[in-house]
$ cat upload-v6.cif   # mmCIF, C-alpha atoms
data_my_file
#
loop_
_atom_site.label_atom_id
_atom_site.label_comp_id
_atom_site.auth_asym_id
_atom_site.auth_seq_id
_atom_site.Cartn_x
_atom_site.Cartn_y
_atom_site.Cartn_z
CA MET T 1 53.01 6.37 11.03
CA THR T 2 55.43 3.75 9.73
CA THR T 3 54.29 3.88 6.07
CA PRO T 4 52.02 6.11 3.94
CA SER T 5 49.60 3.18 3.53
CA ALA T 6 49.30 2.68 7.29
CA ARG T 7 48.80 6.41 7.74
CA LEU T 8 46.08 6.41 5.09
CA LEU T 9 44.22 3.58 6.84
CA THR T 10 44.45 5.41 10.16
CA LEU T 11 43.12 8.59 8.56
CA LEU T 12 40.22 6.66 7.05
CA SER T 13 39.43 5.11 10.43
CA LEU T 14 39.34 8.56 12.06
CA LEU T 15 37.12 10.02 9.34
CA GLN T 16 34.61 7.20 9.76
CA THR T 17 33.81 8.60 13.20
CA PRO T 18 30.66 10.75 12.72
CA ARG T 19 32.21 14.18 13.35
CA GLU T 20 34.21 16.89 11.63
CA TRP T 21 37.97 16.74 12.07
CA PRO T 22 39.97 19.99 11.92
CA GLY T 23 43.07 19.60 9.76
CA THR T 24 45.34 20.58 12.64
CA GLU T 25 43.88 17.86 14.89
CA LEU T 26 44.29 15.23 12.18
CA ALA T 27 47.87 16.35 11.62
CA GLU T 28 48.56 16.03 15.35
CA ARG T 29 46.97 12.57 15.53
CA LEU T 30 48.92 11.34 12.50
CA GLU T 31 52.13 13.16 13.46
CA VAL T 32 52.44 14.81 10.06
CA SER T 33 52.01 18.31 8.63
CA PRO T 34 48.62 19.78 7.61
CA ARG T 35 49.90 19.74 4.03
CA THR T 36 50.42 15.95 4.24
CA VAL T 37 46.89 15.59 5.61
CA ARG T 38 45.53 17.45 2.58
CA ARG T 39 47.47 15.16 0.23
CA ASP T 40 46.19 12.07 2.03
CA VAL T 41 42.61 13.35 1.83
CA ASP T 42 43.05 13.80 -1.93
CA ARG T 43 44.28 10.19 -2.17
CA LEU T 44 41.19 8.96 -0.33
CA ARG T 45 39.00 10.89 -2.77
CA GLU T 46 40.83 9.27 -5.69
CA LEU T 47 40.01 5.88 -4.13
CA GLY T 48 36.31 6.75 -4.08
CA TYR T 49 35.84 7.94 -0.49
CA PRO T 50 33.64 11.09 -0.46
CA VAL T 51 35.61 13.27 1.96
CA GLU T 52 34.06 16.71 2.35
CA ALA T 53 35.94 19.79 3.55
CA THR T 54 34.53 22.97 5.07
CA MET T 55 36.41 26.23 5.53
CA GLY T 56 36.57 28.57 8.49
CA ALA T 57 37.45 28.37 12.17
CA THR T 58 34.93 25.60 12.78
CA GLY T 59 35.61 23.80 9.52
CA GLY T 60 37.33 20.52 8.89
CA TYR T 61 37.05 17.16 7.14
CA ARG T 62 34.26 14.63 7.33
CA LEU T 63 33.36 11.42 5.46
CA ALA T 64 30.04 11.86 3.65
CA ALA T 65 27.63 9.22 2.41
CA GLY T 66 28.56 7.99 -1.04
CA LYS T 67 26.85 6.11 -3.85
CA ALA T 68 28.32 2.77 -2.75
CA MET T 69 29.15 1.17 0.58
CA PRO T 70 32.90 1.71 1.18
CA PRO T 71 35.07 -0.70 3.18
CA LEU T 72 34.79 -0.03 6.91
CA LEU T 73 37.59 -0.03 9.44
CA LEU T 74 36.64 -1.27 12.90
CA ASP T 75 38.54 -1.27 16.15
CA ASP T 76 38.50 -4.36 18.39
CA GLU T 77 35.51 -3.27 20.48
CA GLU T 78 33.46 -2.34 17.41
CA ALA T 79 34.21 -5.66 15.68
CA VAL T 80 33.21 -7.68 18.75
CA ALA T 81 30.03 -5.61 19.20
CA ILE T 82 28.96 -6.15 15.58
CA ALA T 83 29.72 -9.89 15.71
CA VAL T 84 27.64 -10.26 18.87
CA ALA T 85 24.78 -8.20 17.39
CA LEU T 86 24.78 -10.29 14.21
CA SER T 87 24.84 -13.49 16.25
CA THR T 88 21.77 -12.26 18.12
CA ALA T 89 20.01 -11.45 14.86
CA VAL T 90 20.82 -14.94 13.57
CA GLY T 91 19.78 -16.67 16.81
CA LYS T 92 16.49 -14.76 17.04
CA PRO T 93 16.02 -13.59 13.47
CA VAL T 94 13.85 -10.66 12.50
CA SER T 95 11.75 -11.43 9.46
CA GLY T 96 13.49 -10.31 6.28
CA ILE T 97 17.04 -9.88 7.62
CA GLU T 98 18.01 -13.37 8.76
CA GLN T 99 19.89 -14.28 5.56
CA ALA T 100 21.59 -10.87 5.36
CA SER T 101 22.65 -11.17 9.01
CA LEU T 102 24.07 -14.61 8.33
CA ARG T 103 26.06 -13.46 5.28
CA ALA T 104 27.47 -10.50 7.19
CA LEU T 105 28.37 -12.72 10.16
CA ALA T 106 30.18 -15.17 7.87
CA LYS T 107 32.24 -12.37 6.32
CA LEU T 108 33.13 -10.88 9.68
CA GLU T 109 34.03 -14.20 11.35
CA GLN T 110 36.31 -15.02 8.41
CA VAL T 111 38.55 -12.01 9.08
CA LEU T 112 38.33 -11.74 12.88
CA PRO T 113 41.70 -12.22 14.58
CA SER T 114 41.84 -15.21 16.93
CA ARG T 115 41.95 -12.97 20.02
CA LEU T 116 38.63 -11.40 18.98
CA ARG T 117 37.07 -14.77 18.13
CA HIS T 118 37.80 -15.83 21.72
CA ARG T 119 36.10 -12.69 23.06
CA VAL T 120 33.01 -13.25 20.90
CA GLY T 121 32.89 -16.92 21.92
CA ALA T 122 33.19 -16.01 25.60
CA PHE T 123 30.31 -13.59 25.28
CA ARG T 124 28.14 -16.23 23.62
CA THR T 125 28.92 -18.69 26.40
CA ALA T 126 28.15 -16.14 29.12
CA THR T 127 24.89 -15.08 27.45
CA GLU T 128 23.71 -18.38 26.02
CA SER T 129 20.03 -17.48 26.48
CA LEU T 130 20.41 -14.75 23.87
CA PHE T 131 20.93 -17.34 21.18
CA THR T 132 18.35 -19.84 22.35
CA GLY T 133 15.11 -19.57 20.41
CA SER T 134 11.84 -21.35 20.94
CA ALA T 135 13.29 -24.39 19.17
CA SER T 136 16.69 -26.05 19.63
CA PRO T 137 19.51 -23.49 19.96
CA VAL T 138 21.96 -23.02 17.10
CA ASP T 139 25.57 -21.92 17.47
CA PRO T 140 25.95 -18.76 15.34
CA HIS T 141 29.58 -19.70 14.63
CA GLU T 142 28.50 -23.02 13.10
CA LEU T 143 25.95 -21.12 11.01
CA ALA T 144 28.67 -18.76 9.83
CA VAL T 145 30.91 -21.69 8.83
CA ALA T 146 28.04 -23.27 6.88
CA ALA T 147 27.19 -19.95 5.22
CA ALA T 148 30.79 -19.47 4.11
CA ALA T 149 30.80 -22.97 2.58
CA VAL T 150 27.56 -22.19 0.74
CA ALA T 151 28.92 -18.89 -0.58
CA GLY T 152 32.24 -20.44 -1.64
CA HIS T 153 30.72 -23.61 -3.18
CA GLU T 154 33.01 -25.58 -0.87
CA ARG T 155 32.45 -29.16 0.25
CA LEU T 156 31.68 -29.45 3.94
CA ARG T 157 32.27 -32.31 6.36
CA PHE T 158 30.44 -32.56 9.70
CA ALA T 159 29.04 -34.90 12.33
CA TYR T 160 25.29 -35.31 12.23
CA ARG T 161 22.89 -36.54 14.91
CA ALA T 162 19.75 -38.10 13.41
CA GLY T 163 16.31 -37.98 14.99
CA ASP T 164 16.74 -41.49 16.40
CA GLY T 165 19.97 -40.51 18.13
CA GLY T 166 22.31 -42.17 15.64
CA ARG T 167 25.45 -40.25 14.65
CA THR T 168 27.15 -40.24 11.26
CA ARG T 169 29.86 -38.29 9.43
CA ARG T 170 28.61 -36.54 6.30
CA LEU T 171 30.34 -35.03 3.29
CA VAL T 172 28.11 -32.64 1.35
CA GLU T 173 28.05 -29.87 -1.22
CA PRO T 174 26.14 -27.07 0.55
CA HIS T 175 23.53 -25.31 -1.55
CA ARG T 176 21.53 -23.00 0.73
CA LEU T 177 20.70 -22.26 4.37
CA VAL T 178 16.96 -21.96 4.93
CA LEU T 179 15.09 -20.66 7.95
CA ALA T 180 11.82 -22.58 8.15
CA GLY T 181 9.50 -22.12 11.09
CA ARG T 182 11.69 -22.07 14.20
CA ARG T 183 14.78 -23.84 12.86
CA TRP T 184 17.71 -23.41 10.48
CA TYR T 185 18.21 -26.08 7.82
CA LEU T 186 21.08 -26.78 5.44
CA LEU T 187 20.05 -27.92 1.98
CA ALA T 188 22.96 -29.83 0.47
CA TYR T 189 23.87 -32.56 -1.98
CA ASP T 190 25.10 -35.62 -0.10
CA THR T 191 27.99 -37.01 -2.17
CA GLU T 192 27.95 -40.45 -0.50
CA ARG T 193 24.19 -40.93 -0.88
CA ASP T 194 24.09 -39.28 -4.30
CA ASP T 195 20.98 -37.27 -3.48
CA TRP T 196 19.75 -33.98 -2.01
CA ARG T 197 19.42 -33.94 1.77
CA ILE T 198 18.11 -31.51 4.39
CA PHE T 199 20.02 -31.21 7.67
CA ARG T 200 18.92 -29.48 10.85
CA VAL T 201 21.76 -27.15 11.78
CA ASP T 202 21.22 -27.65 15.52
CA ARG T 203 22.06 -31.33 14.97
CA MET T 204 25.29 -30.58 13.08
CA ALA T 205 28.65 -30.46 14.89
CA ARG T 206 32.36 -30.14 14.12
CA LEU T 207 31.83 -28.43 10.78
CA GLN T 208 35.00 -28.64 8.68
CA PRO T 209 35.32 -26.96 5.28
CA THR T 210 37.41 -29.24 3.08
CA GLY T 211 38.90 -26.59 0.80
CA VAL T 212 37.51 -28.44 -2.24
CA ARG T 213 35.45 -26.09 -4.40
CA VAL T 214 32.93 -27.58 -6.82
CA PRO T 215 30.55 -26.12 -9.41
CA PRO T 216 27.08 -25.61 -7.92
CA ARG T 217 24.59 -28.35 -8.73
CA GLU T 218 21.21 -27.51 -10.19
CA LEU T 219 18.40 -27.91 -7.66
CA PRO T 220 15.24 -29.70 -8.87
CA GLU T 221 13.31 -26.54 -7.95
CA LYS T 222 14.33 -22.89 -8.39
CA ASP T 223 13.14 -21.88 -4.91
CA ALA T 224 15.29 -23.52 -2.24
CA ALA T 225 12.96 -22.50 0.59
CA ALA T 226 9.95 -24.00 -1.19
CA PHE T 227 11.92 -27.20 -1.84
CA VAL T 228 12.86 -27.53 1.83
CA THR T 229 9.33 -26.80 3.03
CA ARG T 230 7.74 -29.28 0.64
CA ARG T 231 10.27 -32.00 1.48
CA MET T 232 9.86 -31.55 5.23
CA TYR T 233 6.08 -31.56 5.09
CA SER T 234 6.14 -34.73 2.99
CA LEU T 235 8.31 -36.51 5.59
CA ALA T 236 6.90 -35.27 8.89
CA PRO T 237 3.34 -35.13 10.24
CA THR T 238 1.96 -31.60 10.29
CA TYR T 239 -1.21 -29.95 11.53
CA GLU T 240 -3.02 -27.20 9.67
CA VAL T 241 -4.92 -24.76 11.84
CA ARG T 242 -7.83 -22.49 10.98
CA ALA T 243 -9.05 -20.21 13.73
CA THR T 244 -10.95 -16.98 14.23
CA VAL T 245 -9.04 -14.52 16.42
CA GLY T 246 -10.47 -11.51 18.24
CA LEU T 247 -7.71 -9.09 17.30
CA PRO T 248 -6.94 -6.96 14.22
CA ALA T 249 -5.02 -8.81 11.54
CA ALA T 250 -2.00 -6.51 11.80
CA GLN T 251 -1.60 -7.18 15.53
CA VAL T 252 -1.87 -10.95 15.10
CA ALA T 253 0.68 -10.97 12.27
CA GLU T 254 3.09 -8.87 14.35
CA ARG T 255 2.77 -10.93 17.54
CA LEU T 256 3.07 -14.29 15.81
CA GLY T 257 5.57 -13.28 13.16
CA ALA T 258 3.15 -14.83 10.67
CA ALA T 259 4.05 -15.23 7.03
CA PRO T 260 2.10 -13.34 4.35
CA GLY T 261 -1.22 -15.04 3.70
CA GLU T 262 -1.46 -16.69 7.12
CA VAL T 263 -3.62 -13.91 8.58
CA ARG T 264 -6.71 -12.62 6.77
CA PRO T 265 -8.79 -9.75 8.16
CA ILE T 266 -12.49 -10.29 8.81
CA ASP T 267 -13.22 -6.80 10.10
CA GLU T 268 -11.42 -4.10 12.08
CA SER T 269 -11.32 -6.14 15.29
CA SER T 270 -11.01 -9.76 14.15
CA CYS T 271 -9.25 -11.95 11.62
CA GLU T 272 -8.84 -15.53 10.47
CA LEU T 273 -5.58 -17.39 11.06
CA HIS T 274 -4.36 -20.10 8.68
CA GLY T 275 -1.11 -21.87 9.51
CA ARG T 276 0.64 -25.15 10.10
CA ALA T 277 3.06 -26.65 12.59
CA ASP T 278 4.57 -30.02 13.44
CA THR T 279 3.22 -30.16 17.01
CA LEU T 280 -0.11 -29.45 18.67
CA GLU T 281 1.71 -27.87 21.61
CA TRP T 282 3.22 -25.21 19.35
CA LEU T 283 -0.13 -24.43 17.73
CA ALA T 284 -1.83 -24.10 21.11
CA SER T 285 0.90 -21.89 22.53
CA ARG T 286 0.75 -19.57 19.50
CA LEU T 287 -2.94 -19.00 20.07
CA LEU T 288 -2.81 -18.70 23.85
CA MET T 289 0.06 -16.20 23.77
CA LEU T 290 -2.15 -13.76 21.85
CA GLY T 291 -4.05 -12.96 25.06
CA CYS T 292 -7.44 -12.62 23.38
CA GLU T 293 -10.57 -14.63 22.55
CA PHE T 294 -10.26 -17.12 19.70
CA GLN T 295 -12.20 -20.02 18.22
CA VAL T 296 -10.52 -23.02 16.61
CA HIS T 297 -12.29 -24.52 13.60
CA GLU T 298 -9.72 -27.19 12.77
CA PRO T 299 -7.93 -29.51 13.29
CA PRO T 300 -9.96 -31.57 15.76
CA GLU T 301 -6.75 -32.76 17.45
CA LEU T 302 -6.01 -29.15 18.46
CA LEU T 303 -9.47 -28.79 19.98
CA ALA T 304 -8.90 -31.89 22.07
CA HIS T 305 -5.48 -30.66 23.16
CA LEU T 306 -6.89 -27.27 24.21
CA ARG T 307 -9.58 -29.00 26.30
CA THR T 308 -6.87 -31.00 28.06
CA VAL T 309 -4.77 -27.89 28.68
CA GLY T 310 -7.82 -25.94 29.85
CA ALA T 311 -8.83 -28.67 32.31
CA ARG T 312 -5.30 -28.79 33.68
CA ALA T 313 -5.28 -25.00 34.13
CA LEU T 314 -8.63 -25.10 35.96
CA ARG T 315 -7.35 -27.80 38.32
CA ALA T 316 -4.24 -25.76 39.02
CA ALA T 317 -6.30 -22.63 39.69
CA SER T 318 -8.68 -24.46 42.08
CA THR T 319 -5.89 -26.10 44.13
CA PRO T 320 -5.68 -24.44 47.58
CA PRO T 321 -2.32 -22.85 48.44
#
$ encode --input "upload-v6.cif" --output "structure tokens"
Amino acid sequence: MTTPSARLLTLLSLLQTPREWPGTELAERLEVSPRTVRRDVDRLRELGYPVEATMGATGGYRLAAGKAMPPLLLDDEEAVAIAVALSTAVGKPVSGIEQASLRALAKLEQVLPSRLRHRVGAFRTATESLFTGSASPVDPHELAVAAAAVAGHERLRFAYRAGDGGRTRRLVEPHRLVLAGRRWYLLAYDTERDDWRIFRVDRMARLQPTGVRVPPRELPEKDAAAFVTRRMYSLAPTYEVRATVGLPAAQVAERLGAAPGEVRPIDESSCELHGRADTLEWLASRLLMLGCEFQVHEPPELLAHLRTVGARALRAASTPP
């Protein structure tokens, strides 16, 4: 090792492998004496790393679980694997971990060397379907850039494509990223329009942090997710569905990824579904994908749409090969 600090980092990296390391093997790996290994282990303990030692022929050193999460050292392959896994979690989020995955991805992307960023980007390009959800796909790297701007209270500049196809350049103060339904949204204060705005992340491009840090503005509501949901529902047409489903409530909630309160049990084998969506096609597909009997009570537009879909399916099934 060139310096004691470099040797200490290498020792920590070895100890983070889930196994016991004999002192002689560590000394050989580090090209030092067993006595130096013992001194380095004591230094790690002083820094808060819980290194345990066992005696005997089969004894050695191992890193135990501590009270706090210590810094981790990753090799190139491990860093790329974690970045890809976090990107997958962000692209197809599991309920409850989407924000944590996004924060972790932002931290990791910030410190990845350029050679590893290229490897992660190449993997995303080669496996694009991994990051394509049921709605418009979102680039996990763009999400990470936006998340870092939110965390750092840093003004963000980007190109934005509106619903009518028009394109503008925006300068905003990011407040929060919100996952609502099937899409990611950025809630931010638009400095040029002097008002709060909600941006679909899949319509954002060329995100550029400006380096200008500003104090966070106070949102009109405490709950950012509730603010985004209310604002979107006030601007876009939505359909509220109420249906009886011939499956247990737990199965329906699991298959649909329903939010708490959307599924209410009737008995052990049936439940009532309450939800909303911006398209009839999405509502119909949610119900049909359950693979069970169901009865729609409202809205009437969904009933009409299901009749149309059913008639089309019957015509397809009766067409001779």
$ residues_around --input "upload-v6.cif" --residues "stretch 214-216 of chain T" --least-positions-apart "4" --cutoff "12 Å" --atoms "only C-alpha atoms" --output "list in words"
Ala149, Val150, Ala151, Gly152, His153, Glu154, Arg155, Leu156, Val172, Glu173, Pro174, His175, Arg176, Ala188, Tyr189, Thr191 and Thr210 of chain T
$ atom_distance --input "upload-v6.cif" --atom1 "atom CA of T:Leu280" --atom2 "atom CA of T:Glu298"
11.5 Å
$ resolve_selection --input "upload-v6.cif" --expression "the PyMOL selection byres ((chain T and resi 228) around 10)" --output "list in words"
Arg176, Leu177, Val178, Leu179, Ala180, Tyr185, Leu186, Leu187, Arg197, Ile198, Phe199, Glu221, Asp223, Ala224, Ala225, Ala226, Phe227, Thr229, Arg230, Arg231, Met232, Tyr233 and Ser234 of chain T
$ closest_residue --input "upload-v6.cif" --among "T:Val138, T:Arg242, T:Leu171, T:Arg157" --to "T:Trp184" --atoms "only C-alpha atoms"
T:Val138
$ resolve_selection --input "upload-v6.cif" --expression "the PyMOL selection byres ((chain T and resi 159-170) around 8)" --output "number ranges by chain"
T: 157-158, 171-172, 190, 192, 203-207
$ atom_distance --input "upload-v6.cif" --atom1 "atom CA of T:Ala316" --atom2 "atom CA of T:Val245"
25.7 Å
$ residues_near_point --input "upload-v6.cif" --point "(40.6, 21.6, 11.3)" --cutoff "6 Å" --atoms "only C-alpha atoms" --output "list in words"
Trp21, Pro22, Gly23, Thr24, Gly59 and Gly60 of chain T
$ resolve_selection --input "upload-v6.cif" --expression "the PyMOL selection byres ((chain T and resi 277) around 7)" --output "ChimeraX atom specification"
/T:238-240,276,278-279,282-283
$ residues_around --input "upload-v6.cif" --residues "T:His297" --least-positions-apart "6" --cutoff "8 Å" --atoms "all atoms listed in the file" --output "JSON, numbers by chain"
{"T": [241, 242, 243, 244]}
$ closest_residue --input "upload-v6.cif" --among "T:Arg307, T:Gly246, T:Leu256, T:Ala148" --to "T:Gln295" --atoms "all atoms listed in the file"
T:Gly246
$ atom_distance --input "upload-v6.cif" --atom1 "atom CA of T:Leu303" --atom2 "atom CA of T:Arg286"
13.8 Å
$ closest_residue --input "upload-v6.cif" --among "T:Ala53, T:Val120, T:Ala104, T:Val309" --to "T:Leu288" --atoms "all atoms listed in the file"
T:Val309
$ closest_residue --input "upload-v6.cif" --among "T:Glu268, T:Glu77, T:Glu142, T:Glu28" --to "T:Gln208" --atoms "all atoms listed in the file"
T:Glu142
$ closest_residue --input "upload-v6.cif" --among "T:Arg255, T:Asp40, T:Glu301, T:Glu20" --to "T:Arg7" --atoms "all atoms listed in the file"
T:Asp40
